[in-house]
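**Q** Structure below; questions to follow.
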Amino acid sequence: MALPPYASPLERLWRVAFILLCALVLLFLISPIPAIMPLSFNAEPYFTYPMPGLSMKWYADFFQDPRWLDSVRASVFIAVCTTGLSMVFGTLAALGLSRSNFPHRALVMAFLISPMIVPVVITAVGMYFFFATLGFNNTYFGIILAHTALATPFVVITVTATLIGFDQSLIRAGASLGAPPMTVFRKVTFPLILPGIISRALFAFITSFDEVVVVLFIASPDQRTLPKQMFSGIREQISPTIAAAATLLIISAALMLVAVELLRRRSERLRGISS
Amino acid sequence: MSVSAISDDRSTLKSRLRRAERVQRLRAIGLVLPLFLFILVVFVTPIIILMTRAVDNPEIADSLPLTSAALANWDREDVPGEDVFAAFAVDLVAAQKNKATGLIGKRLNYEMPGTRSKVLQAGRAAEKMTAAPYKDAFLKLDPLWGKIETWKVLERASHRNTTFYLLKAVDLQWSANDEIVNVAPDQALFRDVFVRTLGISTLVTFATLLLGFPLAYMLATLPPKHSNILMILVLLPFWTSLLVRTTAWVVLLQTEGPINDLLLFLGLTDERLQLIFSRFGTIVAMTHIQLPFTLLPIYSVMRTISPNYVRAARSLGAGPFHAFWTIYFPQTMPGIAAGCLLTFILSLGYYITPALVGGPTDQMISYFVALYTNKELNWGQASALGAILLMATLVLYAVYNRLVGIDKMKLG
């Protein structure tokens with residue numbers, strides 16, 4: 001990236017322009033996030049700057065209003081169940097897919113990933129019709145099934161990638177030392193892929209926690225999730241309580257990002273990629 | 001040991017090896033099977049149901065069974081005879097009892113706007129008709145029943161499968177002469193919507209490439225210590241809830257919002273601009289949300305490009321731009337293809353962001369699928385629109401799989 005000493009003035013100028021451009025793009029990417037957070041502390045119920053005063057009342061609103069609290073509870077419940085199911089399905093499938101002799105691997109993979117690609121509205125409407133005949137609409141069970149279908153592709157993609165990069169000679173080493181396959185898996189494979197699996201679990205969790213379209217179609221007011229509550233809030237009358245909810249979500253996203261980064265480093269250290 | 005014993009031994013070894021491999025393969029398939037079945041039941045079945053709904057046409061066949069049977073023998077040359085009208089009267093009386101006349105009216109209304117009330121009227125009248133001739137009674141009731149077009153529509157609608165919704169989804173319909181023609185201009189809607197969806201997706205893809213490529217280049221060429229910090233600025237929005245980001249754009253773009261404040265302060269405008277509920281707002285918010293999806297694949301490809309190629313080109317006398325354009329840029333193409341295709345495919349299905357940030361003329365095809373499902377309760381039309389969107393997505397997905405390889409998809 002550093003310019004060679006023989007760079008011409010034009011090159012230097014272009015470089016400054018380039019850095020400026022990148023800074024603007026980064027600003028564009030990040031600015032909506034710091035822009036919304038202070039508004040949650042606004043003393044007045046407006047969404048404008050400058051703010052007339054500071055107040056915590058929107059947070060008090062959030063933590064006292066049963067609708068918001070119930071929605072958080074519903075979302076967490078659905079997301080935890082979804083994460084559990086998609087981890088089981090996704091990790092098993094990834095273990096199978098990462099075997100080199102798996103037949104029609106690319107095709108099967110494309111099939112398993114398709115829920116990520118098909119527009120969510122189509123998935124949602126289809127499930128709405130299908131679940132209506134099964135009586136799954138307006139139930140937590142239906143939402144969890146739907147979210148599991150949407151979240152598992154992320155698990156499959158990344159766990160498969162982790163496993164394919166996995167050093168198979170470690171398994172052979174374990175086996176040559178006399179360990180049965182299950183022991184090799186438990187003692188060698190599993191600890192090594194665990195950081196990858198946990199970070200994907202977090203991804204599955206937020207996929208479900210953030211999903212709103214399917215919920216809009218197949219849930220009743222009894223399964224009001226946080227995104228659904230926010231969606232109707234933005235549509236009807238936008239209140240700073242939404243900014244408070246958004247701020248809490250941003251903080252949890254930042255925490256997750258840190259967790260994923262730590263897990264990534266740990267995984268690299270375990271495999272001896274970085275010293 | 002004789003020669004044959006050795007070859008025997010070898011063949012058993014071979015077969016044992018083959019058996020071991022087969023067991024392994026079966027075990028691998030067994031591991032994938034639970035998810036495969038899960039996706040098949042929970043995801044593929046609903047989509048197949050949606051596809052069949054696009055051609056499903058039960059209303060008339062179920063509610064007017066005798067009329068449907070009688071119309072099957074109709075020559076389509078002239079207004080049907082007394083037998084059809086008699087069957088129609090009997091059917092309508094039954095429908096009146098089952099409260100199905102509303103359904104019949106609704107279905108006919110899709111093809112002949114304004115007929116719903118006339119069907120309801122006919123239903124009420126049929127209950128009072130006691131004896132033949134029914135034909136005269138219906139003709140007296142309303143001129144609608146004396147038109148051959150009405151009966152052609154009824155006949156077409158009496159089949160259990162229909163192309164009506166799929167044709168309508170591209171602004172086509174069957175004419176009275178049984179030809180496929182464009183619908184009346186005031187009813188044409190969906191071609192515009194498809195063109196708009198493609199247009200917005202193309203613009204968003206282009207914008208993410210334009211913004212993402214330089215940033216990816218910078219991140220890939222900076223030393224890891226600096227690029228890791230900057231990468232957080234890319235990944236934090238990526239991990240932040242879609243609704244939070246959309247809300248943030250609602251706040252930023254509103255007429256009294258910070259961006260308008262800034263523009264006024266800088267003297268770039270004299271009055272507050274309508275940024276939200278506009279095409280501009282939709283494109284900006286969608287670009288913001290999709291940018292990491294384009295950037296990350298480009299970045300991961302750039303990471304693998306050795307700087308030696310460009311250095312070699314420069315040492316051979318190429319100018320900086322020439323070296324970049326002919327040596328570096330072509331090597332980034334796999335990343336560009338992966339990122340842009342992914343963004344384009346995902347943009348086609350956008351619903352939430354245009355619904356919250358866009359105006360009435362910025363809604364994309366997903367919005368209409370949702371509208372016809374939830375508000376209009378015209379499930380055939382919703383399914384037909386969904387089927388076309390699905391087809392477009394799957395074709396692009398196949399291209400993506402061919403060009404990029406689905407297992408090379410990288411997210412974060």
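Here, A, B, ... name the chains of the structure tokens in the order displayed, residue numbers run from 1 inside each chain, and ligands are numbered from 1 in the same displayed order.
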Contacts from chain B to chain A, 7 Å maximum, only C-alpha atoms: show me the residue list as JSON, numbers by chain.
**A** {"B": [25, 28, 29, 31, 32, 34, 35, 36, 39, 42, 43, 46, 47, 49, 50, 211, 214, 215, 221, 222, 233, 234, 236, 237, 239, 240, 241, 242, 243, 244, 245, 248, 249, 251, 256, 257, 258, 288, 346, 349, 356, 366, 370, 386, 390, 393, 406, 407]}
**Q** Pull the strand (DSSP E) assignments for stretch 152-399 of chain B out of DSSP run on the backbone, and list those residues as a list in words.
**A**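 The residues of stretch 152-399 of chain B classed as strand (DSSP E) are Leu172, Gln173, Trp174, Ile180, Val181 and Asn182 of chain B.
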**Q** For B:Arg116, please output as a ChimeraX atom specification all residues within 8 Å (counting only C-alpha atoms; exclusion window: fewer than 3 positions along the same chain).
**A** /B:102,104-106,108-109,113,119-120
**Q** Would you export the selected residues with all heavy atoms as a short mmCIF file (atom, residue, chain, number, x, y, z; two decimals), in the first residue's frame, please?
**A**
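Output file out12.cif follows:
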```cif
data_model
loop_
_atom_site.label_atom_id
_atom_site.label_comp_id
_atom_site.auth_asym_id
_atom_site.auth_seq_id
_atom_site.Cartn_x
_atom_site.Cartn_y
_atom_site.Cartn_z
N GLY B 102 -70.18 -14.87 -2.80
CA GLY B 102 -69.14 -13.84 -2.65
C GLY B 102 -67.84 -14.30 -3.30
O GLY B 102 -67.16 -13.53 -3.98
N ILE B 104 -67.49 -16.56 -5.71
CA ILE B 104 -67.64 -16.58 -7.17
C ILE B 104 -67.49 -15.17 -7.72
O ILE B 104 -66.79 -14.93 -8.71
CB ILE B 104 -69.02 -17.15 -7.57
CG1 ILE B 104 -69.21 -18.55 -6.97
CG2 ILE B 104 -69.20 -17.16 -9.06
CD1 ILE B 104 -70.65 -19.05 -7.03
N GLY B 105 -68.18 -14.24 -7.04
CA GLY B 105 -68.11 -12.84 -7.47
C GLY B 105 -66.70 -12.31 -7.45
O GLY B 105 -66.25 -11.66 -8.39
N LYS B 106 -65.98 -12.64 -6.38
CA LYS B 106 -64.60 -12.17 -6.26
C LYS B 106 -63.74 -12.72 -7.39
O LYS B 106 -62.95 -12.00 -8.00
CB LYS B 106 -64.06 -12.62 -4.89
CG LYS B 106 -62.74 -12.00 -4.51
CD LYS B 106 -62.36 -12.41 -3.10
CE LYS B 106 -60.86 -12.59 -2.98
NZ LYS B 106 -60.46 -13.31 -1.79
N LEU B 108 -64.69 -13.79 -10.41
CA LEU B 108 -65.03 -13.20 -11.71
C LEU B 108 -64.57 -11.75 -11.77
O LEU B 108 -64.17 -11.25 -12.83
CB LEU B 108 -66.54 -13.27 -11.95
CG LEU B 108 -67.06 -14.65 -12.34
CD1 LEU B 108 -68.52 -14.56 -12.73
CD2 LEU B 108 -66.24 -15.26 -13.47
N ASN B 109 -64.58 -11.10 -10.63
CA ASN B 109 -64.17 -9.70 -10.57
C ASN B 109 -62.71 -9.53 -11.00
O ASN B 109 -62.35 -8.50 -11.55
CB ASN B 109 -64.36 -9.18 -9.14
CG ASN B 109 -64.74 -7.73 -9.13
OD1 ASN B 109 -65.53 -7.28 -9.96
ND2 ASN B 109 -64.16 -6.97 -8.22
N PRO B 113 -63.69 -6.65 -13.99
CA PRO B 113 -63.93 -5.75 -12.85
C PRO B 113 -65.36 -5.21 -12.85
O PRO B 113 -65.91 -4.89 -13.91
CB PRO B 113 -62.92 -4.62 -13.07
CG PRO B 113 -61.83 -5.24 -13.89
CD PRO B 113 -62.50 -6.25 -14.76
N VAL B 119 -72.97 -10.71 -9.55
CA VAL B 119 -73.06 -12.11 -9.16
C VAL B 119 -73.89 -12.24 -7.89
O VAL B 119 -74.75 -13.12 -7.77
CB VAL B 119 -71.65 -12.71 -8.96
CG1 VAL B 119 -71.75 -14.12 -8.39
CG2 VAL B 119 -70.89 -12.72 -10.27
N LEU B 120 -73.64 -11.31 -6.94
CA LEU B 120 -74.42 -11.34 -5.69
C LEU B 120 -75.90 -11.15 -5.98
O LEU B 120 -76.77 -11.85 -5.45
CB LEU B 120 -73.91 -10.25 -4.73
CG LEU B 120 -72.49 -10.43 -4.22
CD1 LEU B 120 -72.09 -9.27 -3.30
CD2 LEU B 120 -72.33 -11.75 -3.47
#
```
**Q** What's the 9 Å shell around B:Tyr299, counting only C-alpha atoms, without same-chain residues fewer than 6 positions away, as a ChimeraX atom specification?
**A** /B:212-213,215-217,219-220,332,335
**Q** The selected residues should be written to file as a CSV table (one decimal), in the first residue's frame (atoms: N, CA, C and O atoms).
**A**
```
chain,number,residue,atom,x,y,z
B,212,GLY,N,-17.6,-0.4,-2.8
B,212,GLY,CA,-16.9,-1.5,-2.2
B,212,GLY,C,-15.6,-1.8,-2.7
B,212,GLY,O,-14.7,-2.2,-2.0
B,213,PHE,N,-15.4,-1.7,-4.0
B,213,PHE,CA,-14.1,-2.1,-4.6
B,213,PHE,C,-12.9,-1.3,-4.1
B,213,PHE,O,-12.0,-1.9,-3.6
B,215,LEU,N,-12.6,0.3,-1.3
B,215,LEU,CA,-12.5,0.0,0.1
B,215,LEU,C,-11.9,-1.4,0.3
B,215,LEU,O,-11.0,-1.6,1.1
B,216,ALA,N,-12.4,-2.3,-0.5
B,216,ALA,CA,-11.8,-3.7,-0.4
B,216,ALA,C,-10.3,-3.7,-0.7
B,216,ALA,O,-9.5,-4.3,-0.1
B,217,TYR,N,-10.0,-2.9,-1.8
B,217,TYR,CA,-8.6,-2.8,-2.2
B,217,TYR,C,-7.7,-2.2,-1.0
B,217,TYR,O,-6.6,-2.7,-0.7
B,219,LEU,N,-8.4,-2.3,2.2
B,219,LEU,CA,-8.4,-3.2,3.3
B,219,LEU,C,-7.4,-4.4,3.0
B,219,LEU,O,-6.7,-4.9,3.9
B,220,ALA,N,-7.4,-4.8,1.7
B,220,ALA,CA,-6.5,-5.9,1.4
B,220,ALA,C,-5.1,-5.6,1.3
B,220,ALA,O,-4.2,-6.4,1.4
B,332,THR,N,-9.1,-9.8,-9.9
B,332,THR,CA,-10.2,-9.6,-8.9
B,332,THR,C,-11.5,-10.0,-9.4
B,332,THR,O,-12.5,-10.0,-8.7
B,335,GLY,N,-13.9,-12.4,-7.5
B,335,GLY,CA,-14.5,-11.7,-6.3
B,335,GLY,C,-15.6,-10.8,-6.7
B,335,GLY,O,-16.7,-10.7,-6.1
```
**Q** So that I can check the surroundings of B:Glu82, please list as a list in words every protein, DNA and RNA residue that reaches within 8 Å of it, counting only C-alpha atoms and ignoring chain neighbours fewer than 6 positions away.
**A** Pro133, Tyr134 and Lys135 of chain B
**Q** Restricting the output to all heavy atoms, write the selected residues as a JSON list (two decimals), in the first residue's frame.
**A**
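Once everything was written out, this is part-v6.json:
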```json
[["chain", "number", "residue", "atom", "x", "y", "z"],
["B", 133, "PRO", "N", -88.44, -20.67, -18.18],
["B", 133, "PRO", "CA", -87.08, -20.62, -18.73],
["B", 133, "PRO", "C", -86.15, -19.74, -17.89],
["B", 133, "PRO", "O", -86.46, -18.60, -17.65],
["B", 133, "PRO", "CB", -87.31, -20.03, -20.12],
["B", 133, "PRO", "CG", -88.53, -19.16, -19.96],
["B", 133, "PRO", "CD", -89.36, -19.75, -18.86],
["B", 134, "TYR", "N", -85.04, -20.35, -17.48],
["B", 134, "TYR", "CA", -84.09, -19.62, -16.66],
["B", 134, "TYR", "C", -83.32, -18.59, -17.48],
["B", 134, "TYR", "O", -82.95, -17.53, -17.00],
["B", 134, "TYR", "CB", -83.10, -20.59, -16.01],
["B", 134, "TYR", "CG", -83.75, -21.47, -14.97],
["B", 134, "TYR", "CD1", -84.08, -22.79, -15.26],
["B", 134, "TYR", "CD2", -84.04, -20.97, -13.71],
["B", 134, "TYR", "CE1", -84.68, -23.59, -14.31],
["B", 134, "TYR", "CE2", -84.64, -21.77, -12.75],
["B", 134, "TYR", "CZ", -84.96, -23.08, -13.06],
["B", 134, "TYR", "OH", -85.56, -23.86, -12.12],
["B", 135, "LYS", "N", -83.06, -18.95, -18.75],
["B", 135, "LYS", "CA", -82.25, -18.06, -19.57],
["B", 135, "LYS", "C", -82.86, -16.67, -19.65],
["B", 135, "LYS", "O", -82.18, -15.66, -19.43],
["B", 135, "LYS", "CB", -82.08, -18.66, -20.97],
["B", 135, "LYS", "CG", -81.15, -17.86, -21.85],
["B", 135, "LYS", "CD", -80.83, -18.58, -23.16],
["B", 135, "LYS", "CE", -79.92, -17.72, -24.02],
["B", 135, "LYS", "NZ", -79.51, -18.40, -25.26]]
```
**Q** Taking the DSSP assignment computed from this structure's backbone, write out as a ChimeraX atom specification all residues of stretch 45-189 of chain A that belong to alpha helix (DSSP H).
**A** /A:57-64,66-97,105-117,120-134,140-164,168-176,181-184
**Q** Tell me, as a VMD selection string, which residues lie within 9 Å of B:Leu403, counting only C-alpha atoms; anything in the same chain fewer than 6 positions away does not count.
**A** chain B and resid 334 337 to 338
